[in-house]
Amino acid sequence: MSSRTDKLQNSFKPPLPVGRFDKAFPVFLEGDRGVAGGIGRNITDSGMFIETREPFPLGTRVKVTFSSPHGAEMTLEGEVRYQCFINFARADATRAGMRGIGLKFVSSQLPQKGARGSVH
């Protein structure tokens, strides 16, 4: 026989933890050293990794803009926490490399008036 407390306990579901969004997508970076493009990866609620040919110095504040194919944009501000350069060999034995930066998000930028589209 069940009681009211059994029904309440069974209906409670803890919130799911925020995970890592492991898709690759283009981003635009803006900082004291200018503007650069990159590929965003491994985004979480606290930061992300960005492959870029123009890594910003450690401690730099960078604005990261995400765009959707429908015209919506979102800009977040982050601080460069690390830089990396990864050397690797391709299947045909040629060598290649990749540069990137790790960002920790520090604040979000409110959408500008007249911004197009919406984020879904």
# chains A, B, ... in the order shown; residues from 1 in each chain; ligands from 1
>>> residues_around(residues="A:Ser107", least_positions_apart="6", cutoff="10 Å", atoms="only C-alpha atoms", output="PDB file with N, CA and C atoms, in the first residue's frame")
ATOM      1  N   SER A  46      30.647  27.288 -17.957  1.00  0.00           N
ATOM      2  CA  SER A  46      31.695  28.132 -17.389  1.00  0.00           C
ATOM      3  C   SER A  46      32.800  28.508 -18.373  1.00  0.00           C
ATOM      4  N   LYS A  63      35.750  39.020 -26.263  1.00  0.00           N
ATOM      5  CA  LYS A  63      34.320  38.851 -26.537  1.00  0.00           C
ATOM      6  C   LYS A  63      34.180  37.753 -27.588  1.00  0.00           C
ATOM      7  N   THR A  75      26.678  37.169 -27.605  1.00  0.00           N
ATOM      8  CA  THR A  75      28.066  37.494 -27.276  1.00  0.00           C
ATOM      9  C   THR A  75      28.298  37.271 -25.792  1.00  0.00           C
ATOM     10  N   LEU A  76      29.386  36.580 -25.489  1.00  0.00           N
ATOM     11  CA  LEU A  76      29.809  36.356 -24.112  1.00  0.00           C
ATOM     12  C   LEU A  76      31.212  36.898 -23.950  1.00  0.00           C
ATOM     13  N   GLU A  77      31.550  37.300 -22.745  1.00  0.00           N
ATOM     14  CA  GLU A  77      32.907  37.764 -22.474  1.00  0.00           C
ATOM     15  C   GLU A  77      33.629  36.690 -21.677  1.00  0.00           C
ATOM     16  N   GLY A  78      34.870  36.445 -22.076  1.00  0.00           N
ATOM     17  CA  GLY A  78      35.656  35.439 -21.385  1.00  0.00           C
ATOM     18  C   GLY A  78      37.071  35.915 -21.155  1.00  0.00           C
ATOM     19  N   GLU A  79      37.766  35.226 -20.276  1.00  0.00           N
ATOM     20  CA  GLU A  79      39.167  35.514 -19.990  1.00  0.00           C
ATOM     21  C   GLU A  79      39.993  34.334 -20.477  1.00  0.00           C
TER      22      GLU A  79
END
>>> select_by_dssp(residues="stretch 17-59 of chain A", states="strand (DSSP E or B)", output="PyMOL selection string")
chain A and resi 21+25-31+34-41+43+47-51
>>> closest_residue(among="A:Gln83, A:Asp45, A:Ile50, A:Ala89", to="A:Ala24", atoms="only C-alpha atoms")
A:Ile50
>>> residues_around(residues="A:Arg61", least_positions_apart="4", cutoff="12 Å", atoms="only C-alpha atoms", output="PyMOL selection string")
chain A and resi 29-34+56-57+76-81+101-107
>>> atom_distance(atom1="atom CA of A:Asn87", atom2="atom CA of A:Arg99")
9.1 Å
>>> closest_residue(among="A:Gly38, A:Gly97, A:Pro26, A:Pro69", to="A:Pro55", atoms="only C-alpha atoms")
A:Gly38
>>> closest_residue(among="A:Ala96, A:Val35, A:Val27, A:Ile86", to="A:Glu54", atoms="only C-alpha atoms")
A:Val35
>>> atom_distance(atom1="atom CA of A:Ile39", atom2="atom CA of A:Phe25")
5.5 Å
>>> closest_residue(among="A:Asp92, A:Tyr82, A:Asn42, A:Gly47", to="A:Val64", atoms="only C-alpha atoms")
A:Gly47
>>> closest_residue(among="A:His70, A:Lys23, A:Thr94, A:Phe85", to="A:Ile43", atoms="only C-alpha atoms")
A:Lys23
